[in-house]
>>> print(open('work-v9.txt').read())   # compact mmCIF, C-alpha atoms
# COMPACT_ATOMS: atom_id res chain seq x y z
CA MET A 1 2.81 88.14 -29.69
CA LEU A 2 -0.78 89.33 -29.89
CA GLN A 3 -3.33 87.34 -31.85
CA LEU A 4 -6.68 88.77 -32.92
CA ILE A 5 -9.49 86.33 -33.67
CA VAL A 6 -12.76 87.38 -35.28
CA HIS A 7 -15.40 84.83 -34.32
CA ASP A 8 -18.10 83.86 -36.80
CA ALA A 9 -20.39 82.41 -34.13
CA ILE A 10 -21.46 83.65 -30.73
CA ASP A 11 -20.66 80.30 -29.11
CA GLU A 12 -17.05 80.63 -30.27
CA PHE A 13 -16.78 84.10 -28.79
CA LEU A 14 -18.26 83.02 -25.47
CA ARG A 15 -15.91 80.04 -25.25
CA ALA A 16 -13.03 82.47 -25.66
CA ALA A 17 -14.25 85.29 -23.42
CA GLU A 18 -17.17 84.42 -21.14
CA HIS A 19 -15.11 83.00 -18.27
CA ASP A 20 -12.86 86.06 -18.11
CA LEU A 21 -15.73 88.53 -18.44
CA ALA A 22 -17.64 86.78 -15.67
CA GLN A 23 -14.77 87.29 -13.21
CA ASP A 24 -16.01 90.90 -12.87
CA GLU A 25 -19.63 90.54 -13.87
CA VAL A 26 -20.60 94.06 -12.83
CA THR A 27 -17.88 95.96 -14.69
CA ASN A 28 -18.18 93.69 -17.73
CA GLY A 29 -21.95 93.43 -17.61
CA LEU A 30 -22.53 95.46 -20.77
CA MET A 31 -20.44 93.20 -23.01
CA LEU A 32 -21.43 90.03 -21.19
CA GLY A 33 -25.12 90.89 -21.21
CA VAL A 34 -25.15 91.83 -24.90
CA THR A 35 -23.36 88.66 -25.99
CA LEU A 36 -25.51 86.38 -23.83
CA ARG A 37 -28.59 88.05 -25.34
CA VAL A 38 -27.23 87.39 -28.84
CA LYS A 39 -26.85 83.72 -27.90
CA GLN A 40 -30.31 83.47 -26.35
CA HIS A 41 -32.18 85.44 -29.03
CA PRO A 42 -30.25 85.15 -32.30
CA GLY A 43 -33.36 85.94 -34.34
CA ARG A 44 -33.47 89.45 -32.91
CA ILE A 45 -30.08 90.38 -34.37
CA GLU A 46 -30.70 92.17 -37.65
CA HIS A 47 -27.07 92.32 -38.78
CA GLN A 48 -24.06 90.08 -38.34
CA PRO A 49 -22.37 91.09 -35.07
CA TYR A 50 -18.69 91.84 -34.76
CA LEU A 51 -17.18 89.47 -32.19
CA ALA A 52 -13.41 89.67 -31.69
CA THR A 53 -10.92 88.63 -29.04
CA VAL A 54 -7.23 89.43 -28.62
CA HIS A 55 -4.95 86.87 -26.99
CA ALA A 56 -1.34 86.58 -25.88
CA ASP A 57 0.12 83.18 -25.02
CA GLY A 58 -3.39 81.79 -24.75
CA ALA A 59 -4.63 84.45 -22.31
CA LEU A 60 -7.46 86.83 -23.17
CA LEU A 61 -6.18 90.41 -23.24
CA ALA A 62 -9.03 92.26 -24.93
CA ALA A 63 -12.31 91.94 -26.78
CA GLY A 64 -14.57 93.97 -29.01
CA VAL A 65 -18.28 93.42 -29.61
CA MET A 66 -20.62 95.32 -31.90
CA THR A 67 -24.22 94.64 -32.89
CA PRO A 68 -24.93 97.13 -35.70
CA PRO A 69 -26.36 99.74 -35.79
CA HIS A 70 -25.01 100.05 -32.23
CA GLY A 71 -21.39 101.00 -31.65
CA LEU A 72 -18.44 99.03 -30.36
CA ILE A 73 -18.10 97.79 -26.78
CA ALA A 74 -14.41 97.49 -25.89
CA TYR A 75 -12.85 95.42 -23.10
CA ALA A 76 -9.25 95.03 -21.99
CA ALA A 77 -7.59 93.09 -19.17
CA THR A 78 -4.18 94.71 -19.33
CA ASP A 79 -2.57 97.82 -17.91
CA ASP A 80 -1.49 98.80 -21.40
CA PRO A 81 -4.51 98.33 -23.69
CA LEU A 82 -3.03 100.25 -26.63
CA PRO A 83 -1.54 97.34 -28.62
CA ALA A 84 -4.75 95.32 -28.37
CA MET A 85 -6.98 98.32 -29.11
CA ARG A 86 -4.83 99.18 -32.12
CA LEU A 87 -5.30 95.64 -33.44
CA LEU A 88 -9.08 95.93 -33.02
CA ALA A 89 -9.15 99.32 -34.76
CA GLU A 90 -7.03 98.07 -37.65
CA ASN A 91 -9.27 95.05 -38.15
CA LEU A 92 -12.50 97.05 -38.03
CA VAL A 93 -11.19 99.68 -40.45
CA ALA A 94 -9.69 97.13 -42.85
CA ASN A 95 -13.00 95.27 -43.04
CA ARG A 96 -15.01 98.48 -43.38
CA TRP A 97 -17.25 97.99 -40.39
CA PRO A 98 -19.47 101.01 -39.69
CA LEU A 99 -18.22 102.36 -36.39
CA PRO A 100 -20.40 105.14 -34.95
CA THR A 101 -19.20 104.97 -31.34
CA VAL A 102 -17.02 103.11 -28.87
CA ASN A 103 -17.97 102.50 -25.26
CA GLY A 104 -16.13 100.83 -22.41
CA VAL A 105 -14.26 101.43 -19.18
CA ALA A 106 -13.00 105.00 -19.52
CA THR A 107 -9.32 104.22 -20.07
CA VAL A 108 -10.10 101.45 -22.55
CA SER A 109 -12.61 103.33 -24.72
CA ARG A 110 -10.33 106.38 -24.77
CA THR A 111 -7.39 104.23 -25.88
CA PHE A 112 -9.43 102.66 -28.67
CA ALA A 113 -10.76 106.05 -29.80
CA GLU A 114 -7.24 107.48 -29.99
CA ALA A 115 -5.95 104.43 -31.87
CA TRP A 116 -8.83 104.75 -34.33
CA ARG A 117 -8.20 108.50 -34.76
CA HIS A 118 -4.50 107.95 -35.40
CA LEU A 119 -5.31 105.25 -37.94
CA THR A 120 -8.07 107.03 -39.87
CA GLY A 121 -7.55 110.74 -39.33
CA GLY A 122 -11.16 110.94 -38.20
CA GLU A 123 -12.60 113.00 -35.38
CA VAL A 124 -13.28 111.78 -31.86
CA ALA A 125 -15.78 113.49 -29.55
CA GLN A 126 -16.92 112.46 -26.10
CA GLU A 127 -20.55 111.44 -26.32
CA MET A 128 -21.30 110.62 -22.69
CA ALA A 129 -19.50 110.03 -19.41
CA LEU A 130 -21.19 107.23 -17.50
CA ARG A 131 -20.91 105.54 -14.12
CA VAL A 132 -21.71 101.90 -13.38
CA PHE A 133 -23.54 101.27 -10.10
CA GLU A 134 -24.24 98.03 -8.25
CA LEU A 135 -26.91 97.22 -5.66
CA ARG A 136 -27.07 94.18 -3.39
CA ALA A 137 -29.52 95.44 -0.73
CA VAL A 138 -32.30 98.00 -1.13
CA THR A 139 -32.92 100.98 1.12
CA PRO A 140 -36.48 101.90 0.12
CA PRO A 141 -37.43 105.58 0.15
CA VAL A 142 -39.92 106.67 2.77
CA GLY A 143 -43.07 108.69 2.28
CA VAL A 144 -43.48 108.42 -1.52
CA ALA A 145 -47.14 108.31 -2.47
CA GLY A 146 -48.31 105.57 -4.79
CA GLN A 147 -47.69 101.94 -5.63
CA PHE A 148 -45.62 99.73 -7.90
CA ARG A 149 -47.01 97.52 -10.62
CA GLN A 150 -45.93 95.61 -13.69
CA ALA A 151 -46.86 97.33 -16.94
CA ALA A 152 -49.12 95.46 -19.35
CA ILE A 153 -49.59 95.48 -23.10
CA GLU A 154 -52.54 97.81 -22.56
CA ASP A 155 -50.00 100.42 -21.45
CA ALA A 156 -48.13 100.22 -24.77
CA ASP A 157 -49.06 103.71 -26.02
CA LEU A 158 -47.82 105.35 -22.83
CA ILE A 159 -44.71 103.17 -22.52
CA PHE A 160 -43.71 103.78 -26.13
CA ALA A 161 -44.14 107.53 -25.68
CA TRP A 162 -42.06 107.49 -22.50
CA TYR A 163 -39.32 105.32 -24.02
CA THR A 164 -39.14 107.77 -26.92
CA ALA A 165 -39.02 110.78 -24.59
CA PHE A 166 -36.25 109.13 -22.55
CA HIS A 167 -34.10 108.56 -25.63
CA VAL A 168 -34.65 112.08 -26.94
CA GLU A 169 -33.66 113.55 -23.57
CA ALA A 170 -30.94 111.18 -22.37
CA THR A 171 -29.42 109.50 -25.45
CA PRO A 172 -30.23 111.71 -28.46
CA ALA A 173 -27.43 110.24 -30.58
CA GLN A 174 -28.89 106.74 -30.40
CA ALA A 175 -31.63 105.32 -32.59
CA LEU A 176 -35.13 105.83 -31.26
CA PRO A 177 -36.92 102.77 -29.87
CA ARG A 178 -39.27 100.88 -32.14
CA ARG A 179 -42.83 100.07 -31.21
CA ALA A 180 -42.34 96.34 -31.75
CA GLU A 181 -39.38 96.28 -29.35
CA VAL A 182 -41.34 98.09 -26.66
CA GLU A 183 -44.31 95.75 -27.04
CA ARG A 184 -42.01 92.73 -26.84
CA SER A 185 -40.50 94.05 -23.62
CA LEU A 186 -43.98 94.50 -22.22
CA THR A 187 -45.10 90.98 -23.13
CA GLU A 188 -41.92 89.58 -21.55
CA GLY A 189 -42.76 91.38 -18.29
CA ASN A 190 -39.76 93.67 -18.24
CA VAL A 191 -41.46 97.06 -17.74
CA TYR A 192 -42.77 98.44 -14.44
CA LEU A 193 -44.62 101.58 -13.38
CA TRP A 194 -44.99 103.64 -10.25
CA GLU A 195 -48.52 104.98 -10.00
CA ASP A 196 -49.89 107.75 -7.81
CA ASP A 197 -53.64 108.03 -7.40
CA GLY A 198 -54.09 105.55 -10.22
CA ARG A 199 -52.01 107.53 -12.71
CA PRO A 200 -48.61 106.34 -14.03
CA ALA A 201 -45.89 108.63 -12.67
CA SER A 202 -42.58 106.88 -13.42
CA LEU A 203 -41.15 103.95 -15.36
CA ALA A 204 -38.30 101.50 -14.80
CA ALA A 205 -37.42 98.40 -16.79
CA LYS A 206 -35.31 95.28 -16.59
CA GLY A 207 -32.46 95.26 -19.07
CA ARG A 208 -29.52 92.97 -19.78
CA ARG A 209 -29.22 89.68 -17.93
CA THR A 210 -25.96 88.20 -16.73
CA PRO A 211 -25.60 84.97 -14.73
CA ARG A 212 -26.00 86.65 -11.32
CA GLY A 213 -27.48 90.06 -12.10
CA ILE A 214 -29.88 92.18 -14.12
CA SER A 215 -29.40 95.74 -15.27
CA VAL A 216 -32.08 98.37 -14.66
CA GLY A 217 -32.97 100.80 -17.42
CA PRO A 218 -34.37 102.85 -18.87
CA VAL A 219 -35.74 104.90 -15.98
CA TYR A 220 -38.03 107.78 -16.90
CA THR A 221 -40.31 110.25 -15.14
CA PRO A 222 -42.16 112.83 -17.24
CA PRO A 223 -41.20 116.44 -16.38
CA GLU A 224 -44.54 117.26 -14.78
CA ALA A 225 -44.16 114.38 -12.28
CA ARG A 226 -40.58 115.00 -11.20
CA GLY A 227 -39.52 116.02 -7.72
CA HIS A 228 -41.85 113.68 -5.84
CA GLY A 229 -39.56 110.67 -5.43
CA TYR A 230 -41.42 108.51 -7.96
CA ALA A 231 -38.28 107.36 -9.81
CA SER A 232 -36.54 106.46 -6.54
CA ALA A 233 -39.54 104.46 -5.41
CA CYS A 234 -39.96 102.71 -8.76
CA VAL A 235 -36.28 101.75 -9.08
CA ALA A 236 -36.14 100.63 -5.43
CA ALA A 237 -39.21 98.43 -5.88
CA LEU A 238 -37.93 96.94 -9.14
CA SER A 239 -34.49 96.32 -7.65
CA GLN A 240 -36.04 94.52 -4.67
CA HIS A 241 -38.19 92.49 -7.08
CA ILE A 242 -35.06 91.42 -8.99
CA LEU A 243 -33.29 90.39 -5.76
CA ASP A 244 -36.40 88.52 -4.62
CA GLU A 245 -36.32 86.57 -7.90
CA GLY A 246 -32.93 85.21 -6.85
CA LYS A 247 -30.41 87.52 -8.50
CA ALA A 248 -27.39 88.53 -6.41
CA PHE A 249 -27.29 92.14 -7.60
CA CYS A 250 -28.73 94.81 -9.87
CA THR A 251 -26.72 97.26 -11.94
CA LEU A 252 -27.42 100.49 -13.74
CA PHE A 253 -25.64 103.20 -15.69
CA THR A 254 -25.98 106.89 -14.87
CA ASP A 255 -24.98 109.93 -16.87
CA LEU A 256 -22.33 111.78 -14.88
CA ALA A 257 -23.74 115.04 -16.22
CA ASN A 258 -26.95 114.35 -14.28
CA PRO A 259 -26.17 114.82 -10.56
CA THR A 260 -29.79 114.14 -9.58
CA SER A 261 -29.81 110.56 -10.82
CA ASN A 262 -26.38 109.86 -9.36
CA SER A 263 -27.63 111.04 -5.98
CA ILE A 264 -31.04 109.34 -5.82
CA TYR A 265 -29.75 105.89 -6.77
CA GLN A 266 -27.11 105.97 -4.05
CA LYS A 267 -29.78 106.79 -1.48
CA ILE A 268 -31.63 103.55 -2.29
CA GLY A 269 -28.51 101.38 -2.08
CA TYR A 270 -26.61 101.63 -5.37
CA ARG A 271 -22.85 101.95 -5.03
CA PRO A 272 -20.44 103.25 -7.71
CA VAL A 273 -18.18 100.66 -9.32
CA CYS A 274 -16.38 102.26 -12.27
CA ASP A 275 -16.70 104.86 -15.01
CA PHE A 276 -17.37 104.27 -18.68
CA THR A 277 -16.96 106.79 -21.50
CA GLU A 278 -18.66 106.66 -24.87
CA TYR A 279 -16.97 108.41 -27.79
CA ARG A 280 -18.46 109.32 -31.15
CA LEU A 281 -16.20 108.46 -34.07
CA ARG A 282 -16.58 110.61 -37.17
CA GLN A 283 -15.02 109.32 -40.33
CA PRO A 284 -12.89 111.83 -42.26
CA LEU A 285 -14.54 113.39 -45.30
CA GLN A 286 -13.56 111.70 -48.52
CA GLY A 287 -12.03 114.12 -50.97
>>> encode(input="work-v9.txt", output="structure tokens")
Amino acid sequence: MLQLIVHDAIDEFLRAAEHDLAQDEVTNGLMLGVTLRVKQHPGRIEHQPYLATVHADGALLAAGVMTPPHGLIAYAATDDPLPAMRLLAENLVANRWPLPTVNGVATVSRTFAEAWRHLTGGEVAQEMALRVFELRAVTPPVGVAGQFRQAAIEDADLIFAWYTAFHVEATPAQALPRRAEVERSLTEGNVYLWEDDGRPASLAAKGRRTPRGISVGPVYTPPEARGHGYASACVAALSQHILDEGKAFCTLFTDLANPTSNSIYQKIGYRPVCDFTEYRLRQPLQG
């Protein structure tokens, strides 16, 4: 019999799920990285997160994590995720959690979205098809003009503008970045630039941390600087920097609708691991 537990504290959730999630740290890096960040920086969470696990005979079968206003991240460790995803959907709907999207391994997020649609009569639309990549050794590009450097707080105007442009272009359904968040990332040393002739040409940043890896993103090159290999060089240099710091691997997500990014990352050593799909969930109109 399935048992759903909604955890009031992040430590409770991690005791229930961290070991299982860490068995495939790359595939589960989104959920694992988000929850470890909640534990490390609880003051940055503006709203109570949703932290749920589903068990059978003491074994973890599924989990759902949401840090509003962001959507749900769904995880399942079973060939038939429907019963567990149905339990998650029923709990979220019954407790009136705002649920803008669901994201997860393609089969899992699709199963949750269909369970939610059947339960609510709402509409489900694919938001983005994504691919998770992993890198353990860098193949640096050759012949790209310029150099790599860490961005500083003095670059905040440019970085904020580029973060905003990235979100408008790549993730228009998500909330735009806030200046304070960008400045915090700069002061923590997470943002890097590729410069050519002294002018910033591309950006790459460190993202979520897991025990053995770090995600890379966002990556952005302004339109007028594209086609010169700057993004490849910047991501390659940042990835090598992460490995040199002692991490075993780097990860990143690509949009499957963007063949250019999927190609350039593989050329510098990233290898595909699995596909994620994000769905937008539209509540039915109330009559």
>>> residues_around(input="work-v9.txt", residues="range 68-82 of chain A", least_positions_apart="4", cutoff="8 Å", atoms="only C-alpha atoms", output="list in words")
Asn28, Leu30, Met31, Glu46, His47, Gln48, Pro49, Leu60, Leu61, Ala62, Ala63, Gly64, Arg86, Pro98, Leu99, Pro100, Thr101, Val102, Asn103, Gly104, Val105, Val108, Ser109, Thr111, Phe112, Ala115 and Gln174 of chain A
>>> write_last_selection(input="work-v9.txt", atoms="C-alpha atoms", output="PDB file, keeping the file's coordinate frame")
ATOM      1  CA  ASN A  28     -18.180  93.690 -17.730  1.00  0.00           C
ATOM      2  CA  LEU A  30     -22.530  95.460 -20.770  1.00  0.00           C
ATOM      3  CA  MET A  31     -20.440  93.200 -23.010  1.00  0.00           C
ATOM      4  CA  GLU A  46     -30.700  92.170 -37.650  1.00  0.00           C
ATOM      5  CA  HIS A  47     -27.070  92.320 -38.780  1.00  0.00           C
ATOM      6  CA  GLN A  48     -24.060  90.080 -38.340  1.00  0.00           C
ATOM      7  CA  PRO A  49     -22.370  91.090 -35.070  1.00  0.00           C
ATOM      8  CA  LEU A  60      -7.460  86.830 -23.170  1.00  0.00           C
ATOM      9  CA  LEU A  61      -6.180  90.410 -23.240  1.00  0.00           C
ATOM     10  CA  ALA A  62      -9.030  92.260 -24.930  1.00  0.00           C
ATOM     11  CA  ALA A  63     -12.310  91.940 -26.780  1.00  0.00           C
ATOM     12  CA  GLY A  64     -14.570  93.970 -29.010  1.00  0.00           C
ATOM     13  CA  ARG A  86      -4.830  99.180 -32.120  1.00  0.00           C
ATOM     14  CA  PRO A  98     -19.470 101.010 -39.690  1.00  0.00           C
ATOM     15  CA  LEU A  99     -18.220 102.360 -36.390  1.00  0.00           C
ATOM     16  CA  PRO A 100     -20.400 105.140 -34.950  1.00  0.00           C
ATOM     17  CA  THR A 101     -19.200 104.970 -31.340  1.00  0.00           C
ATOM     18  CA  VAL A 102     -17.020 103.110 -28.870  1.00  0.00           C
ATOM     19  CA  ASN A 103     -17.970 102.500 -25.260  1.00  0.00           C
ATOM     20  CA  GLY A 104     -16.130 100.830 -22.410  1.00  0.00           C
ATOM     21  CA  VAL A 105     -14.260 101.430 -19.180  1.00  0.00           C
ATOM     22  CA  VAL A 108     -10.100 101.450 -22.550  1.00  0.00           C
ATOM     23  CA  SER A 109     -12.610 103.330 -24.720  1.00  0.00           C
ATOM     24  CA  THR A 111      -7.390 104.230 -25.880  1.00  0.00           C
ATOM     25  CA  PHE A 112      -9.430 102.660 -28.670  1.00  0.00           C
ATOM     26  CA  ALA A 115      -5.950 104.430 -31.870  1.00  0.00           C
ATOM     27  CA  GLN A 174     -28.890 106.740 -30.400  1.00  0.00           C
TER      28      GLN A 174
END
>>> residues_around(input="work-v9.txt", residues="His167 in chain A", least_positions_apart="6", cutoff="10 Å", atoms="all atoms listed in the file", output="list in words")
Ala173, Gln174, Ala175, Leu176, Pro177, Pro218 and Tyr220 of chain A
>>> write_last_selection(input="work-v9.txt", atoms="C-alpha atoms", output="compact mmCIF listing (two decimals), keeping the file's coordinate frame")
# COMPACT_ATOMS: atom_id res chain seq x y z
CA ALA A 173 -27.43 110.24 -30.58
CA GLN A 174 -28.89 106.74 -30.40
CA ALA A 175 -31.63 105.32 -32.59
CA LEU A 176 -35.13 105.83 -31.26
CA PRO A 177 -36.92 102.77 -29.87
CA PRO A 218 -34.37 102.85 -18.87
CA TYR A 220 -38.03 107.78 -16.90
>>> atom_distance(input="work-v9.txt", atom1="CA of Asp155 in chain A", atom2="CA of Pro222 in chain A")
15.3 Å
>>> atom_distance(input="work-v9.txt", atom1="CA of Thr139 in chain A", atom2="CA of Leu21 in chain A")
28.9 Å
>>> atom_distance(input="work-v9.txt", atom1="CA of Ile242 in chain A", atom2="CA of Val38 in chain A")
21.7 Å
>>> closest_residue(input="work-v9.txt", among="A:Ala113, A:Ala151, A:Ile214, A:Ala201", to="Ala89 in chain A", atoms="only C-alpha atoms")
A:Ala113
>>> closest_residue(input="work-v9.txt", among="A:Leu2, A:Ala9, A:Cys234, A:Ala22", to="Ala145 in chain A", atoms="only C-alpha atoms")
A:Cys234
>>> residues_around(input="work-v9.txt", residues="Glu154 in chain A", least_positions_apart="3", cutoff="12 Å", atoms="all atoms listed in the file", output="list of chain:residue names")
A:Gln150, A:Ala151, A:Asp157, A:Leu158, A:Ile159, A:Phe160, A:Val182, A:Glu183, A:Leu186, A:Thr187
>>> closest_residue(input="work-v9.txt", among="A:Lys267, A:His55, A:Arg44, A:Lys247", to="Pro140 in chain A", atoms="all atoms listed in the file")
A:Lys267
>>> residues_around(input="work-v9.txt", residues="Ser215 in chain A", least_positions_apart="2", cutoff="12 Å", atoms="all atoms listed in the file", output="short mmCIF file (atom, residue, chain, number, x, y, z; two decimals) with C-alpha atoms, in the frame of the given file")
data_model
loop_
_atom_site.label_atom_id
_atom_site.label_comp_id
_atom_site.auth_asym_id
_atom_site.auth_seq_id
_atom_site.Cartn_x
_atom_site.Cartn_y
_atom_site.Cartn_z
CA GLU A 25 -19.63 90.54 -13.87
CA VAL A 26 -20.60 94.06 -12.83
CA THR A 27 -17.88 95.96 -14.69
CA ASN A 28 -18.18 93.69 -17.73
CA GLY A 29 -21.95 93.43 -17.61
CA LEU A 30 -22.53 95.46 -20.77
CA LEU A 32 -21.43 90.03 -21.19
CA GLY A 33 -25.12 90.89 -21.21
CA VAL A 34 -25.15 91.83 -24.90
CA VAL A 132 -21.71 101.90 -13.38
CA PHE A 133 -23.54 101.27 -10.10
CA GLU A 134 -24.24 98.03 -8.25
CA LEU A 135 -26.91 97.22 -5.66
CA ASN A 190 -39.76 93.67 -18.24
CA ALA A 204 -38.30 101.50 -14.80
CA ALA A 205 -37.42 98.40 -16.79
CA LYS A 206 -35.31 95.28 -16.59
CA GLY A 207 -32.46 95.26 -19.07
CA ARG A 208 -29.52 92.97 -19.78
CA ARG A 209 -29.22 89.68 -17.93
CA THR A 210 -25.96 88.20 -16.73
CA PRO A 211 -25.60 84.97 -14.73
CA ARG A 212 -26.00 86.65 -11.32
CA GLY A 213 -27.48 90.06 -12.10
CA GLY A 217 -32.97 100.80 -17.42
CA PRO A 218 -34.37 102.85 -18.87
CA VAL A 219 -35.74 104.90 -15.98
CA VAL A 235 -36.28 101.75 -9.08
CA LEU A 238 -37.93 96.94 -9.14
CA SER A 239 -34.49 96.32 -7.65
CA ILE A 242 -35.06 91.42 -8.99
CA LEU A 243 -33.29 90.39 -5.76
CA LYS A 247 -30.41 87.52 -8.50
CA ALA A 248 -27.39 88.53 -6.41
CA PHE A 249 -27.29 92.14 -7.60
CA CYS A 250 -28.73 94.81 -9.87
CA THR A 251 -26.72 97.26 -11.94
CA LEU A 252 -27.42 100.49 -13.74
CA PHE A 253 -25.64 103.20 -15.69
CA THR A 254 -25.98 106.89 -14.87
CA TYR A 270 -26.61 101.63 -5.37
#
>>> closest_residue(input="work-v9.txt", among="A:Ala129, A:Gly246, A:Gly229, A:Gln40", to="Asp275 in chain A", atoms="only C-alpha atoms")
A:Ala129
>>> decode(input="work-v9.txt", residues="range 189-209 of chain A", atoms="N, CA and C atoms", output="PDB file, in the first residue's frame")
ATOM      1  N   GLY A 189      30.568  34.614  -6.611  1.00  0.00           N
ATOM      2  CA  GLY A 189      31.544  34.122  -7.583  1.00  0.00           C
ATOM      3  C   GLY A 189      31.030  33.068  -8.526  1.00  0.00           C
ATOM      4  N   ASN A 190      29.742  33.128  -8.852  1.00  0.00           N
ATOM      5  CA  ASN A 190      29.144  32.098  -9.687  1.00  0.00           C
ATOM      6  C   ASN A 190      29.075  32.434 -11.174  1.00  0.00           C
ATOM      7  N   VAL A 191      29.380  33.665 -11.562  1.00  0.00           N
ATOM      8  CA  VAL A 191      29.161  34.119 -12.936  1.00  0.00           C
ATOM      9  C   VAL A 191      30.506  34.359 -13.619  1.00  0.00           C
ATOM     10  N   TYR A 192      30.602  33.915 -14.879  1.00  0.00           N
ATOM     11  CA  TYR A 192      31.856  34.011 -15.624  1.00  0.00           C
ATOM     12  C   TYR A 192      31.581  34.555 -17.021  1.00  0.00           C
ATOM     13  N   LEU A 193      32.593  35.224 -17.576  1.00  0.00           N
ATOM     14  CA  LEU A 193      32.480  35.843 -18.891  1.00  0.00           C
ATOM     15  C   LEU A 193      33.599  35.357 -19.804  1.00  0.00           C
ATOM     16  N   TRP A 194      33.265  35.293 -21.085  1.00  0.00           N
ATOM     17  CA  TRP A 194      34.291  35.174 -22.122  1.00  0.00           C
ATOM     18  C   TRP A 194      34.397  36.535 -22.793  1.00  0.00           C
ATOM     19  N   GLU A 195      35.614  37.067 -22.814  1.00  0.00           N
ATOM     20  CA  GLU A 195      35.841  38.383 -23.407  1.00  0.00           C
ATOM     21  C   GLU A 195      36.695  38.260 -24.657  1.00  0.00           C
ATOM     22  N   ASP A 196      36.401  39.085 -25.631  1.00  0.00           N
ATOM     23  CA  ASP A 196      37.208  39.178 -26.846  1.00  0.00           C
ATOM     24  C   ASP A 196      37.590  40.635 -27.034  1.00  0.00           C
ATOM     25  N   ASP A 197      38.884  40.877 -27.099  1.00  0.00           N
ATOM     26  CA  ASP A 197      39.398  42.242 -27.250  1.00  0.00           C
ATOM     27  C   ASP A 197      38.885  43.145 -26.125  1.00  0.00           C
ATOM     28  N   GLY A 198      38.809  42.577 -24.939  1.00  0.00           N
ATOM     29  CA  GLY A 198      38.408  43.356 -23.779  1.00  0.00           C
ATOM     30  C   GLY A 198      36.915  43.575 -23.622  1.00  0.00           C
ATOM     31  N   ARG A 199      36.124  43.033 -24.532  1.00  0.00           N
ATOM     32  CA  ARG A 199      34.668  43.230 -24.463  1.00  0.00           C
ATOM     33  C   ARG A 199      33.978  41.914 -24.133  1.00  0.00           C
ATOM     34  N   PRO A 200      33.060  41.903 -23.152  1.00  0.00           N
ATOM     35  CA  PRO A 200      32.318  40.679 -22.838  1.00  0.00           C
ATOM     36  C   PRO A 200      31.569  40.167 -24.065  1.00  0.00           C
ATOM     37  N   ALA A 201      31.688  38.862 -24.338  1.00  0.00           N
ATOM     38  CA  ALA A 201      31.063  38.276 -25.518  1.00  0.00           C
ATOM     39  C   ALA A 201      30.108  37.139 -25.178  1.00  0.00           C
ATOM     40  N   SER A 202      30.262  36.515 -24.012  1.00  0.00           N
ATOM     41  CA  SER A 202      29.390  35.403 -23.641  1.00  0.00           C
ATOM     42  C   SER A 202      29.433  35.234 -22.132  1.00  0.00           C
ATOM     43  N   LEU A 203      28.414  34.576 -21.606  1.00  0.00           N
ATOM     44  CA  LEU A 203      28.248  34.395 -20.168  1.00  0.00           C
ATOM     45  C   LEU A 203      27.925  32.938 -19.868  1.00  0.00           C
ATOM     46  N   ALA A 204      28.474  32.432 -18.773  1.00  0.00           N
ATOM     47  CA  ALA A 204      28.083  31.123 -18.241  1.00  0.00           C
ATOM     48  C   ALA A 204      28.174  31.202 -16.732  1.00  0.00           C
ATOM     49  N   ALA A 205      27.306  30.472 -16.046  1.00  0.00           N
ATOM     50  CA  ALA A 205      27.249  30.566 -14.591  1.00  0.00           C
ATOM     51  C   ALA A 205      27.176  29.193 -13.957  1.00  0.00           C
ATOM     52  N   LYS A 206      27.664  29.115 -12.726  1.00  0.00           N
ATOM     53  CA  LYS A 206      27.456  27.938 -11.900  1.00  0.00           C
ATOM     54  C   LYS A 206      26.033  27.954 -11.364  1.00  0.00           C
ATOM     55  N   GLY A 207      25.427  26.764 -11.316  1.00  0.00           N
ATOM     56  CA  GLY A 207      24.064  26.673 -10.805  1.00  0.00           C
ATOM     57  C   GLY A 207      23.980  25.791  -9.573  1.00  0.00           C
ATOM     58  N   ARG A 208      23.088  24.814  -9.613  1.00  0.00           N
ATOM     59  CA  ARG A 208      22.825  23.955  -8.457  1.00  0.00           C
ATOM     60  C   ARG A 208      24.043  23.093  -8.117  1.00  0.00           C
ATOM     61  N   ARG A 209      24.260  22.933  -6.822  1.00  0.00           N
ATOM     62  CA  ARG A 209      25.306  22.043  -6.327  1.00  0.00           C
ATOM     63  C   ARG A 209      24.690  20.740  -5.841  1.00  0.00           C
TER      64      ARG A 209
END
